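Trainee: Provided below: structure_23.cif, containing mmCIF, C-alpha atoms.
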```cif
data_target
loop_
_atom_site.label_atom_id
_atom_site.label_comp_id
_atom_site.auth_asym_id
_atom_site.auth_seq_id
_atom_site.Cartn_x
_atom_site.Cartn_y
_atom_site.Cartn_z
CA MET I 1 -10.69 17.62 -19.00
CA LYS I 2 -7.10 18.81 -18.71
CA THR I 3 -5.90 22.07 -20.17
CA ALA I 4 -3.46 22.19 -23.06
CA ARG I 5 -1.00 25.08 -22.50
CA VAL I 6 1.62 26.03 -25.02
CA ILE I 7 4.76 26.62 -22.96
CA PHE I 8 7.21 27.10 -25.81
CA GLU I 9 6.81 27.98 -29.46
CA ASP I 10 9.40 28.85 -32.05
CA GLY I 11 8.23 28.44 -35.62
CA ASN I 12 7.21 24.82 -36.09
CA HIS I 13 8.74 23.71 -32.81
CA LYS I 14 6.39 23.62 -29.87
CA TRP I 15 5.97 22.29 -26.33
CA ILE I 16 2.46 21.76 -24.98
CA ALA I 17 1.80 20.99 -21.32
CA LEU I 18 -1.36 18.99 -20.56
CA VAL I 19 -2.21 19.91 -17.02
CA ARG I 20 -4.71 20.26 -14.17
CA ASP I 21 -7.91 18.33 -14.63
CA PRO I 22 -10.54 19.80 -12.26
CA SER I 23 -12.63 16.61 -12.52
CA ARG I 24 -9.74 14.33 -11.49
CA PRO I 25 -10.75 12.15 -8.52
CA ASP I 26 -8.59 12.99 -5.49
CA TYR I 27 -7.41 9.40 -5.09
CA LEU I 28 -5.38 9.75 -8.31
CA ILE I 29 -2.13 11.67 -8.15
CA ASP I 30 -2.10 14.67 -10.46
CA THR I 31 0.28 14.37 -13.38
CA ASN I 32 1.62 16.61 -16.14
CA GLU I 33 1.99 15.32 -19.66
CA TYR I 34 3.98 17.10 -22.34
CA LEU I 35 3.78 17.00 -26.09
CA VAL I 36 6.79 18.08 -28.12
CA ILE I 37 5.88 18.96 -31.70
CA ASP I 38 8.33 19.62 -34.48
CA ASN I 39 6.76 20.32 -37.84
CA ASP I 40 4.20 17.55 -38.31
CA ASP I 41 5.83 15.09 -35.94
CA ALA I 42 5.32 14.73 -32.19
CA ILE I 43 6.48 12.83 -29.14
CA LEU I 44 4.35 12.46 -26.02
CA LEU I 45 6.26 12.51 -22.74
CA ASP I 46 5.01 10.34 -19.88
CA PRO I 47 1.50 9.92 -21.33
CA GLY I 48 0.03 9.00 -17.94
CA GLY I 49 -2.18 6.28 -16.55
CA ASN I 50 -5.21 4.54 -18.01
CA GLU I 51 -7.62 6.43 -15.82
CA ILE I 52 -6.56 9.85 -17.04
CA PHE I 53 -6.37 8.92 -20.71
CA PRO I 54 -9.72 10.63 -21.49
CA ALA I 55 -8.52 13.89 -19.93
CA VAL I 56 -5.15 13.77 -21.71
CA PHE I 57 -6.55 12.68 -25.06
CA SER I 58 -9.29 15.29 -25.13
CA ALA I 59 -6.94 18.14 -24.16
CA LEU I 60 -4.26 17.02 -26.57
CA SER I 61 -6.61 16.70 -29.51
CA THR I 62 -7.61 20.34 -29.16
CA GLU I 63 -4.03 21.21 -30.24
CA PHE I 64 -2.75 18.29 -32.29
CA ASP I 65 -3.97 15.27 -34.24
CA PRO I 66 -3.30 12.33 -31.86
CA ARG I 67 -2.79 10.00 -34.83
CA LYS I 68 0.33 11.93 -35.73
CA ILE I 69 2.05 11.15 -32.44
CA ARG I 70 4.78 8.84 -33.62
CA GLN I 71 6.66 8.32 -30.37
CA ILE I 72 6.21 8.12 -26.63
CA PHE I 73 8.92 8.77 -24.10
CA ALA I 74 8.48 7.07 -20.73
CA SER I 75 10.82 8.39 -18.06
CA HIS I 76 10.33 5.16 -16.11
CA GLN I 77 7.93 2.29 -15.52
CA ASP I 78 5.36 3.58 -13.03
CA PRO I 79 1.63 3.18 -13.76
CA ASP I 80 0.99 6.93 -13.61
CA ILE I 81 3.64 7.29 -16.31
CA ILE I 82 2.82 4.70 -18.90
CA SER I 83 -0.13 2.44 -18.08
CA SER I 84 -2.17 4.17 -20.81
CA LEU I 85 0.22 2.85 -23.47
CA SER I 86 -2.24 0.28 -24.83
CA LEU I 87 -4.84 2.99 -25.42
CA TRP I 88 -2.41 5.17 -27.40
CA LEU I 89 -1.44 2.10 -29.39
CA GLU I 90 -5.09 1.66 -30.35
CA PHE I 91 -4.85 4.91 -32.29
CA ASN I 92 -1.42 4.27 -33.75
CA PRO I 93 -0.26 0.64 -33.54
CA ALA I 94 3.09 1.67 -35.07
CA LEU I 95 3.82 3.98 -32.13
CA LYS I 96 7.34 3.65 -30.70
CA CYS I 97 7.87 3.82 -26.95
CA HIS I 98 11.30 4.87 -25.68
CA ILE I 99 12.11 3.54 -22.23
CA SER I 100 15.14 2.38 -20.27
CA TRP I 101 16.35 -1.06 -21.41
CA LEU I 102 15.78 -2.11 -17.82
CA TRP I 103 12.01 -1.83 -18.25
CA ALA I 104 11.68 -2.81 -21.90
CA SER I 105 10.43 -6.28 -21.07
CA PHE I 106 8.25 -5.16 -18.14
CA ILE I 107 6.24 -2.45 -19.88
CA PRO I 108 4.76 -4.83 -22.50
CA HIS I 109 2.55 -5.98 -19.60
CA PHE I 110 0.75 -2.66 -20.16
CA GLY I 111 0.56 -3.27 -23.92
CA GLY I 112 2.62 -3.20 -27.09
CA ASN I 113 4.79 -5.83 -28.73
CA LYS I 114 8.38 -6.44 -29.73
CA GLU I 115 8.21 -3.70 -32.34
CA THR I 116 6.81 -1.10 -29.93
CA PHE I 117 9.78 -0.58 -27.65
CA VAL I 118 13.02 1.26 -28.16
CA ALA I 119 15.34 0.38 -25.28
CA ILE I 120 17.41 3.34 -24.11
CA PRO I 121 20.90 2.31 -23.00
CA ASP I 122 22.10 3.45 -19.56
CA ALA I 123 24.21 6.27 -21.03
CA GLY I 124 21.18 7.77 -22.80
CA MET I 125 20.58 8.41 -26.50
CA ASP I 126 19.27 10.89 -29.03
CA ILE I 127 15.63 10.81 -30.03
CA HIS I 128 14.64 12.55 -33.26
CA VAL I 129 11.35 14.38 -33.55
CA GLY I 130 10.73 16.11 -36.86
CA ASN I 131 13.97 17.94 -37.61
CA GLN I 132 14.95 18.16 -33.96
CA ARG I 133 17.27 16.03 -31.88
CA LEU I 134 16.21 15.52 -28.26
CA GLN I 135 18.48 13.90 -25.71
CA ALA I 136 17.52 11.19 -23.23
CA ILE I 137 19.55 12.16 -20.14
CA PRO I 138 20.31 9.51 -17.49
CA ALA I 139 18.56 10.02 -14.17
CA HIS I 140 18.88 6.51 -12.80
CA TYR I 141 17.67 5.90 -9.24
CA LEU I 142 15.79 9.21 -9.34
CA HIS I 143 13.59 7.54 -8.43
CA SER I 144 13.50 4.49 -10.65
CA SER I 145 16.54 2.28 -11.20
CA GLY I 146 16.16 2.79 -14.95
CA ASN I 147 15.19 6.46 -15.31
CA PHE I 148 15.65 9.11 -18.00
CA HIS I 149 14.88 12.77 -18.50
CA LEU I 150 14.51 14.42 -21.89
CA TYR I 151 16.39 17.54 -22.92
CA ASP I 152 15.45 19.70 -25.86
CA PRO I 153 18.48 21.79 -26.89
CA LYS I 154 16.39 24.03 -29.16
CA ALA I 155 13.74 24.93 -26.60
CA LYS I 156 16.25 24.60 -23.73
CA ILE I 157 13.65 22.63 -21.82
CA LEU I 158 14.40 19.68 -19.58
CA PHE I 159 11.57 17.26 -18.94
CA SER I 160 12.63 16.05 -15.51
CA GLY I 161 10.13 13.30 -14.64
CA ASP I 162 9.81 13.02 -10.87
CA VAL I 163 12.77 15.33 -10.18
CA GLY I 164 11.35 18.72 -9.32
CA ALA I 165 7.95 17.22 -8.64
CA ALA I 166 5.70 18.80 -6.03
CA LEU I 167 2.41 17.70 -4.54
CA LEU I 168 0.51 20.96 -4.69
CA PRO I 169 -2.50 21.70 -2.52
CA PRO I 170 -5.63 23.14 -4.12
CA GLY I 171 -5.27 26.85 -4.71
CA GLU I 172 -1.52 26.63 -5.09
CA ASP I 173 -1.48 24.63 -8.28
CA GLY I 174 -0.42 27.20 -10.85
CA LEU I 175 1.36 25.96 -13.96
CA PHE I 176 4.60 27.81 -13.14
CA VAL I 177 6.50 28.13 -9.88
CA GLU I 178 5.89 31.66 -8.60
CA ASP I 179 7.24 31.71 -5.07
CA PHE I 180 10.23 29.33 -5.05
CA GLU I 181 10.62 29.02 -1.27
CA ARG I 182 6.93 28.38 -0.74
CA HIS I 183 6.82 25.90 -3.63
CA MET I 184 9.71 23.85 -2.30
CA ARG I 185 7.75 23.11 0.87
CA HIS I 186 5.50 20.97 -1.32
CA ALA I 187 8.47 19.32 -3.01
CA GLU I 188 10.75 18.58 -0.07
CA GLY I 189 9.03 15.54 1.45
CA PHE I 190 8.55 14.02 -1.98
CA HIS I 191 12.22 14.30 -2.88
CA ARG I 192 13.48 13.08 0.48
CA ARG I 193 11.35 9.96 0.29
CA TRP I 194 11.28 9.12 -3.40
CA MET I 195 14.81 9.91 -4.44
CA GLY I 196 16.73 6.96 -3.09
CA SER I 197 20.39 7.63 -3.81
CA GLU I 198 22.71 10.45 -2.73
CA LYS I 199 25.26 9.49 -5.36
CA ALA I 200 22.68 9.41 -8.14
CA LYS I 201 21.41 12.79 -6.99
CA ARG I 202 24.90 14.31 -7.09
CA ASP I 203 25.54 12.83 -10.55
CA TRP I 204 22.27 14.26 -11.83
CA CYS I 205 22.96 17.71 -10.35
CA SER I 206 26.34 17.73 -12.03
CA ARG I 207 24.84 16.66 -15.38
CA ALA I 208 21.96 19.12 -15.18
CA SER I 209 24.34 21.98 -14.30
CA GLN I 210 26.09 21.49 -17.60
CA LEU I 211 22.91 21.89 -19.62
CA ASP I 212 21.50 25.22 -20.69
CA ILE I 213 18.02 24.92 -19.17
CA GLN I 214 15.44 27.67 -19.45
CA MET I 215 12.55 25.54 -18.25
CA MET I 216 12.44 22.42 -16.12
CA CYS I 217 9.19 20.48 -16.48
CA PRO I 218 8.41 17.83 -13.86
CA GLN I 219 5.72 15.17 -14.13
CA HIS I 220 3.93 16.46 -11.01
CA GLY I 221 3.54 20.05 -9.83
CA ALA I 222 4.72 23.28 -11.39
CA ILE I 223 7.28 24.22 -14.02
CA TYR I 224 10.54 25.97 -13.02
CA ARG I 225 11.70 28.83 -15.22
CA GLY I 226 14.90 30.77 -15.69
CA GLU I 227 16.86 31.29 -12.46
CA GLN I 228 14.51 28.93 -10.59
CA VAL I 229 16.13 26.01 -12.44
CA ARG I 230 19.56 26.85 -11.01
CA ARG I 231 18.02 27.37 -7.58
CA PHE I 232 16.34 24.00 -7.81
CA ILE I 233 19.58 22.20 -8.73
CA ASP I 234 21.35 23.86 -5.77
CA TRP I 235 18.46 23.06 -3.45
CA PHE I 236 18.41 19.44 -4.58
CA ALA I 237 22.18 19.10 -4.25
CA GLN I 238 21.91 20.14 -0.58
CA LEU I 239 18.89 18.00 0.24
CA GLU I 240 19.35 14.78 2.14
CA VAL I 241 17.53 12.09 0.18
CA GLY I 242 16.69 8.44 0.70
CA VAL I 243 15.19 9.06 4.12
CA ILE I 244 11.73 8.55 5.50
CA ARG I 245 11.45 12.11 6.79
CA MET R 246 -20.76 -1.02 -22.91
CA ALA R 247 -22.04 -2.17 -19.54
CA VAL R 248 -23.74 -5.06 -21.32
CA VAL R 249 -20.40 -6.22 -22.75
CA THR R 250 -18.83 -6.07 -19.27
CA GLN R 251 -21.74 -8.02 -17.73
CA ASP R 252 -21.59 -10.57 -20.55
CA THR R 253 -17.89 -11.10 -20.17
CA GLY R 254 -18.14 -11.27 -16.40
CA ARG R 255 -20.85 -13.92 -16.69
CA GLU R 256 -18.82 -15.78 -19.31
CA LEU R 257 -15.75 -15.84 -17.05
CA ARG R 258 -17.77 -17.10 -14.08
CA ARG R 259 -19.27 -19.81 -16.30
CA ILE R 260 -15.78 -20.88 -17.44
CA VAL R 261 -14.62 -21.10 -13.82
CA ARG R 262 -17.62 -23.30 -12.95
CA THR R 263 -17.05 -25.48 -16.05
CA ASN R 264 -13.40 -25.89 -15.16
CA GLU R 265 -14.26 -26.92 -11.59
CA GLU R 266 -16.70 -29.53 -12.93
CA ILE R 267 -14.05 -30.81 -15.37
CA LYS R 268 -11.55 -31.09 -12.52
CA SER R 269 -14.02 -33.17 -10.57
CA VAL R 270 -14.59 -35.52 -13.56
CA VAL R 271 -10.83 -35.85 -14.13
CA ALA R 272 -10.34 -36.82 -10.48
CA THR R 273 -13.14 -39.38 -10.74
CA ALA R 274 -11.77 -40.80 -14.01
CA PHE R 275 -8.41 -41.29 -12.28
CA LYS R 276 -10.22 -43.08 -9.47
CA ILE R 277 -11.96 -45.39 -11.98
CA ASN R 278 -8.61 -46.19 -13.54
CA LEU R 279 -7.25 -47.33 -10.16
CA MET R 280 -10.46 -49.20 -9.37
CA ALA R 281 -10.26 -50.99 -12.76
CA MET R 282 -6.67 -52.04 -12.06
CA ASN R 283 -7.71 -53.50 -8.71
CA ALA R 284 -10.64 -55.21 -10.40
CA ILE R 285 -8.29 -56.78 -12.97
CA PHE R 286 -6.12 -58.22 -10.16
CA LEU R 287 -9.18 -59.45 -8.31
CA ALA R 288 -10.51 -61.15 -11.47
CA LYS R 289 -7.13 -62.83 -11.97
CA ARG R 290 -7.25 -64.15 -8.41
CA ALA R 291 -10.80 -65.38 -8.95
CA GLY R 292 -9.55 -67.25 -12.03
CA GLN R 293 -11.83 -69.11 -14.41
CA THR R 294 -15.07 -68.02 -12.67
CA ALA R 295 -14.40 -64.31 -13.26
CA LEU R 296 -13.15 -64.33 -16.85
CA GLY R 297 -16.04 -62.14 -18.06
CA PHE R 298 -15.54 -59.74 -15.14
CA GLY R 299 -11.84 -59.47 -16.07
CA VAL R 300 -12.67 -58.55 -19.67
CA LEU R 301 -15.10 -55.86 -18.46
CA SER R 302 -12.54 -54.52 -16.00
CA ASN R 303 -10.07 -54.12 -18.87
CA GLU R 304 -12.74 -52.28 -20.85
CA LEU R 305 -13.50 -50.04 -17.85
CA ARG R 306 -9.84 -49.20 -17.57
CA ARG R 307 -9.74 -48.27 -21.26
CA PHE R 308 -12.90 -46.23 -20.69
CA ALA R 309 -11.24 -44.35 -17.80
CA THR R 310 -8.20 -43.57 -19.98
CA ASP R 311 -10.42 -42.34 -22.85
CA LEU R 312 -12.40 -40.24 -20.41
CA GLN R 313 -9.22 -38.64 -19.04
CA LYS R 314 -8.12 -37.77 -22.59
CA GLN R 315 -11.53 -36.34 -23.39
CA MET R 316 -11.50 -34.22 -20.24
CA ALA R 317 -7.99 -32.96 -21.05
CA GLN R 318 -9.35 -31.73 -24.39
CA LEU R 319 -12.30 -30.11 -22.65
CA ARG R 320 -9.97 -28.36 -20.27
CA GLU R 321 -7.82 -27.13 -23.13
CA MET R 322 -10.93 -25.76 -24.74
CA THR R 323 -11.94 -23.87 -21.61
CA TYR R 324 -8.44 -22.38 -21.45
CA GLY R 325 -9.01 -21.19 -25.02
CA SER R 326 -12.28 -19.61 -23.86
CA VAL R 327 -10.44 -17.82 -21.03
CA THR R 328 -8.05 -16.28 -23.57
CA THR R 329 -10.90 -15.09 -25.77
CA VAL R 330 -13.00 -13.80 -22.89
CA THR R 331 -9.96 -12.03 -21.44
CA ALA R 332 -9.46 -10.27 -24.78
CA LEU R 333 -13.11 -9.26 -24.70
CA VAL R 334 -12.80 -7.98 -21.13
CA LYS R 335 -9.76 -5.94 -22.18
CA GLN R 336 -11.63 -4.61 -25.17
CA ALA R 337 -14.60 -3.70 -23.00
CA ARG R 338 -12.27 -1.84 -20.63
CA VAL R 339 -10.68 0.06 -23.50
CA ASN R 340 -14.16 0.89 -24.77
CA ARG R 341 -15.16 2.22 -21.38
CA VAL R 342 -12.16 4.56 -21.26
CA LEU R 343 -12.69 5.62 -24.88
CA GLU R 344 -16.34 6.36 -24.18
CA ARG R 345 -15.22 8.68 -21.37
CA ALA R 346 -12.67 10.25 -23.72
CA ARG R 347 -15.40 10.77 -26.32
CA LYS R 348 -17.60 12.55 -23.80
CA GLU R 349 -14.76 14.85 -22.78
CA SER R 350 -13.59 15.56 -26.31
CA THR R 351 -14.86 18.02 -28.82
CA GLY R 352 -14.09 18.57 -32.51
CA MET R 353 -11.28 16.45 -33.88
CA GLY R 354 -10.90 14.32 -30.75
CA ARG R 355 -14.56 13.33 -30.71
CA SER R 356 -14.73 12.54 -34.43
CA LEU R 357 -11.58 10.45 -34.14
CA ILE R 358 -13.04 8.35 -31.34
CA ASP R 359 -16.40 8.05 -33.12
CA GLU R 360 -14.69 6.81 -36.25
CA PHE R 361 -12.47 4.49 -34.28
CA MET R 362 -15.32 2.91 -32.32
CA ARG R 363 -17.39 2.48 -35.47
CA THR R 364 -14.68 0.60 -37.29
CA ARG R 365 -11.89 -1.21 -35.44
CA HIS R 366 -13.50 -1.53 -32.03
CA GLY R 367 -16.92 -2.63 -33.19
CA VAL R 368 -15.39 -5.23 -35.48
CA SER R 369 -13.07 -6.45 -32.78
CA ILE R 370 -15.83 -6.96 -30.19
CA ALA R 371 -18.02 -8.71 -32.75
CA ARG R 372 -15.11 -10.99 -33.67
CA HIS R 373 -14.45 -11.91 -30.04
CA ARG R 374 -18.12 -12.63 -29.48
CA GLU R 375 -18.19 -14.89 -32.52
CA GLN R 376 -15.11 -16.71 -31.22
CA ILE R 377 -16.77 -17.24 -27.84
CA ALA R 378 -19.94 -18.52 -29.50
CA ALA R 379 -17.90 -20.94 -31.67
CA LEU R 380 -15.97 -22.17 -28.64
CA ASN R 381 -19.21 -22.72 -26.77
CA ARG R 382 -20.62 -24.73 -29.67
CA ARG R 383 -17.51 -26.94 -29.69
CA LEU R 384 -17.65 -27.27 -25.91
CA ASN R 385 -21.31 -28.37 -26.09
CA GLN R 386 -20.47 -30.94 -28.75
CA MET R 387 -17.61 -32.30 -26.70
CA ILE R 388 -19.77 -32.54 -23.56
CA ALA R 389 -22.35 -34.48 -25.60
CA ASP R 390 -19.62 -36.83 -26.92
CA THR R 391 -18.33 -37.32 -23.38
CA ALA R 392 -21.84 -38.08 -22.15
CA GLN R 393 -22.04 -40.86 -24.77
CA LEU R 394 -18.71 -42.25 -23.66
CA VAL R 395 -19.86 -42.22 -20.03
CA GLU R 396 -23.06 -43.98 -21.05
CA LEU R 397 -20.85 -46.75 -22.41
CA GLY R 398 -19.01 -46.80 -19.06
CA SER R 399 -22.33 -47.11 -17.30
CA VAL R 400 -23.30 -50.11 -19.45
CA LEU R 401 -19.92 -51.70 -18.72
CA ALA R 402 -20.42 -51.18 -14.98
CA ARG R 403 -23.89 -52.78 -15.13
CA SER R 404 -22.52 -55.74 -17.10
CA ALA R 405 -19.72 -56.12 -14.56
CA LYS R 406 -22.37 -56.34 -11.85
CA ILE R 407 -24.09 -59.18 -13.73
CA GLU R 408 -20.74 -60.95 -14.26
CA ALA R 409 -20.00 -60.57 -10.55
CA ALA R 410 -22.94 -62.81 -9.79
CA TYR R 411 -21.05 -65.67 -11.51
CA GLY R 412 -17.90 -65.10 -9.50
CA GLY R 413 -18.35 -68.08 -7.16
CA PRO R 414 -16.53 -67.53 -3.84
CA PHE R 415 -15.37 -64.10 -5.11
CA SER R 416 -18.89 -63.03 -5.99
CA ALA R 417 -19.39 -60.70 -3.00
CA ALA R 418 -16.06 -58.96 -3.55
CA LEU R 419 -16.69 -58.61 -7.28
CA MET R 420 -20.19 -57.30 -6.60
CA GLN R 421 -18.75 -54.69 -4.25
CA VAL R 422 -16.25 -53.55 -6.90
CA SER R 423 -18.87 -53.38 -9.67
CA SER R 424 -21.25 -51.43 -7.42
CA ASP R 425 -18.43 -48.96 -6.76
CA PHE R 426 -17.95 -48.63 -10.52
CA GLU R 427 -21.63 -47.97 -11.02
CA ARG R 428 -21.78 -45.34 -8.29
CA THR R 429 -18.62 -43.58 -9.48
CA ILE R 430 -19.77 -43.48 -13.09
CA GLY R 431 -23.10 -42.15 -11.80
CA ASP R 432 -21.14 -39.29 -10.19
CA ILE R 433 -19.54 -38.51 -13.54
CA GLN R 434 -22.93 -38.51 -15.24
CA HIS R 435 -24.14 -36.06 -12.62
CA SER R 436 -21.14 -33.77 -13.29
CA LEU R 437 -21.78 -33.91 -17.02
CA GLU R 438 -25.42 -33.00 -16.46
CA ASN R 439 -24.21 -29.99 -14.48
CA LEU R 440 -21.87 -29.06 -17.31
CA THR R 441 -24.69 -29.27 -19.85
CA LYS R 442 -26.95 -27.22 -17.60
CA GLN R 443 -24.26 -24.54 -17.23
CA GLN R 444 -23.81 -24.41 -20.97
CA ASP R 445 -27.58 -24.09 -21.46
CA ASP R 446 -27.71 -21.28 -18.87
#
```
Mind converting the file's structure to structure tokens?

Mentor:
Amino acid sequence: MKTARVIFEDGNHKWIALVRDPSRPDYLIDTNEYLVIDNDDAILLDPGGNEIFPAVFSALSTEFDPRKIRQIFASHQDPDIISSLSLWLEFNPALKCHISWLWASFIPHFGGNKETFVAIPDAGMDIHVGNQRLQAIPAHYLHSSGNFHLYDPKAKILFSGDVGAALLPPGEDGLFVEDFERHMRHAEGFHRRWMGSEKAKRDWCSRASQLDIQMMCPQHGAIYRGEQVRRFIDWFAQLEVGVIR
Amino acid sequence: MAVVTQDTGRELRRIVRTNEEIKSVVATAFKINLMAMNAIFLAKRAGQTALGFGVLSNELRRFATDLQKQMAQLREMTYGSVTTVTALVKQARVNRVLERARKESTGMGRSLIDEFMRTRHGVSIARHREQIAALNRRLNQMIADTAQLVELGSVLARSAKIEAAYGGPFSAALMQVSSDFERTIGDIQHSLENLTKQQDD
């Protein structure tokens, strides 16, 4: 089972990270899921694949009633992001799934119907959770051609999907980045290979620089805090991407 | 849970076998249609001496057309079974994952899954099973109806053989054609027996 860790809490507004399942088979990539709660409403970010649904569901239900999750945000279309959709829909068939318009007719192959999907336009959009307004921030081609991140202006947290991701070896898989330089060794190869566009990278760096980010939460690896976020953006801006090595 | 998966796996394999058998009957029915057309031309050439053979050839052609229609319906029915079995397979897969989630969960999570599996899931699996059983009953009935139709074809082929004997100089050729009919319809009967056996299994 994964662990549910509260990473931000201010009154009725909360972020929970669902992370690190010790029983996960090593052939499945490790993923982080996040639940943003505001009052009695919640949105689940990148709920993960079918195979890890039990681990995510069990951890999540220790903190929140899964039936009250009204929305899902899928940063992009990959199976480790959203293939569990049909299982979440079993618990709440009225669930709404926000995803790039580009993927809105592809994802129904994982489940859902016409009513399930909210297509995010390329420029992004606001998503309301409880009394809070979250922002879907464009991150196209990083790595998917229709890709979004989610910014929470209240918590000052950016959910950054695959940007900032690291493939951490056992023993170095803490929830937060501790040693930035050391951590980036596990992130470098991933970003070089998976992030396919220099221009998209520069656009994203410029957009992210304008946001007030206290925490950057990727879908794989550890969370960046405080000054590490700025360091990451600078590091990423300098990195040559779209190359095999 | 494993039983549901085994059941659905077996059901899918049975549908595949049934569909293959139906394909073989459809191909044979098409062959009979062509054979009947040739027989009609041959009877026309034979003239007055093969009038009875000509009538039977027309009937055999109608039989082949009816058989093709019947097999198209059977095929449609097996497609319907595939849809239902697929839904059951999907349900079984969901159940498997939920069972794992139940084991990992405690408190609220576990009670939620328990409640869910008792109500919606149980009902859903039972409904799919009922649908499969109903489809199988209809499939059995249709195979039995087809077997009766083929029996009629067999009688027509035998009668054609008798008529061939009165075909004068064309008798040998007509005999050859009617023997071909008999053998081909025998093949169809064999396929239908296989279909019935599969259904019984």

Trainee: Within 6 Å of chain I, which residues of chain R show up when using only C-alpha atoms, listed as a list in words?

Mentor: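 So the contacting residues turn out to be Arg345, Ala346, Glu349, Ser350 and Gly354 of chain R.
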
Trainee: For a cutoff of 6 Å around the file-coordinate point (16.3, 14.8, -27.9), which residues qualify once you count all atoms listed in the file? I'd like the result as a PyMOL selection string.

Mentor: chain I and resi 126-127+133-135+151-152

Trainee: Rounded to one decimal place, report the CA of Asp10 (chain I)-CA of Gln214 (chain I) distance in Å.

Mentor: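 Pair CA of Asp10 (chain I) / CA of Gln214 (chain I) returns 14.0 Å.
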
Trainee: Leaving out region 172-185 of chain I and any residue of its chain fewer than 6 positions from it, which residues lie within 9 Å of it when counting all atoms listed in the file, given as a count of residues only?

Mentor: 15

Trainee: Here is a test: counting all atoms listed in the file, which residue of R:Ala371, R:Ala284, R:Met353, R:Ala402 is nearest to Leu296 (chain R)?

Mentor: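 Of all the options, R:Ala284 lies closest to Leu296 (chain R).
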
Trainee: Do you have the CA of Glu344 (chain R)-CA of Ser356 (chain R) distance handy?

Mentor: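 Value for the CA of Glu344 (chain R)-CA of Ser356 (chain R) distance: 12.1 Å.
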
Trainee: Where does the PyMOL selection byres ((chain I and resi 212) around 9) land in this file, that is, which residues does it pick, as number ranges by chain?

Mentor: I: 153, 156-157, 208-211, 213-214

Trainee: Give me the residues within 10 Å of region 204-207 of chain I as an NGL selection string, counting all atoms listed in the file and dropping any in the same chain fewer than 3 places off.

Mentor: :I and (137-142 or 163 or 198-201 or 210-211 or 230 or 232-237)

Trainee: On this structure, the PyMOL selection byres ((chain I and resi 189) around 12) would catch which residues? List them as an MDAnalysis selection string, sorted by chain and number.

Mentor: chainID I and resid 164:168 183:188 190:195 236 239:245

Trainee: To one decimal place, how far is CA of Gln132 (chain I) from CA of Leu150 (chain I) in Å?

Mentor: 12.6 Å

Trainee: Evaluate the PyMOL selection byres ((chain R and resi 444) around 8) on the structure here and hand back the selected residues as an MDAnalysis selection string.

Mentor: chainID R and resid 259 381 385 440:443 445:446

Trainee: May I ask which of the residues R:Leu287, R:Gln313, R:Leu305, R:Ser436 is the closest one to Met420 (chain R), counting all atoms listed in the file?

Mentor: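 Closest to Met420 (chain R) of all the choices is R:Leu287.
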
Trainee: So that I can see what lies close to region 392-397 of chain R, please list as a PyMOL selection string the residues with an atom at most 12 Å from it, counting all atoms listed in the file and leaving out residues fewer than 5 positions away in the same chain.

Mentor: chain R and resi 270+273-274+277+301+304-305+307-316+385-387+402-404+426-427+429-441

Trainee: Of the candidates R:Thr331, R:Asn303, R:Asn283, R:Thr323, which one gets nearest to Lys268 (chain R) if we count all atoms listed in the file?

Mentor: R:Thr323
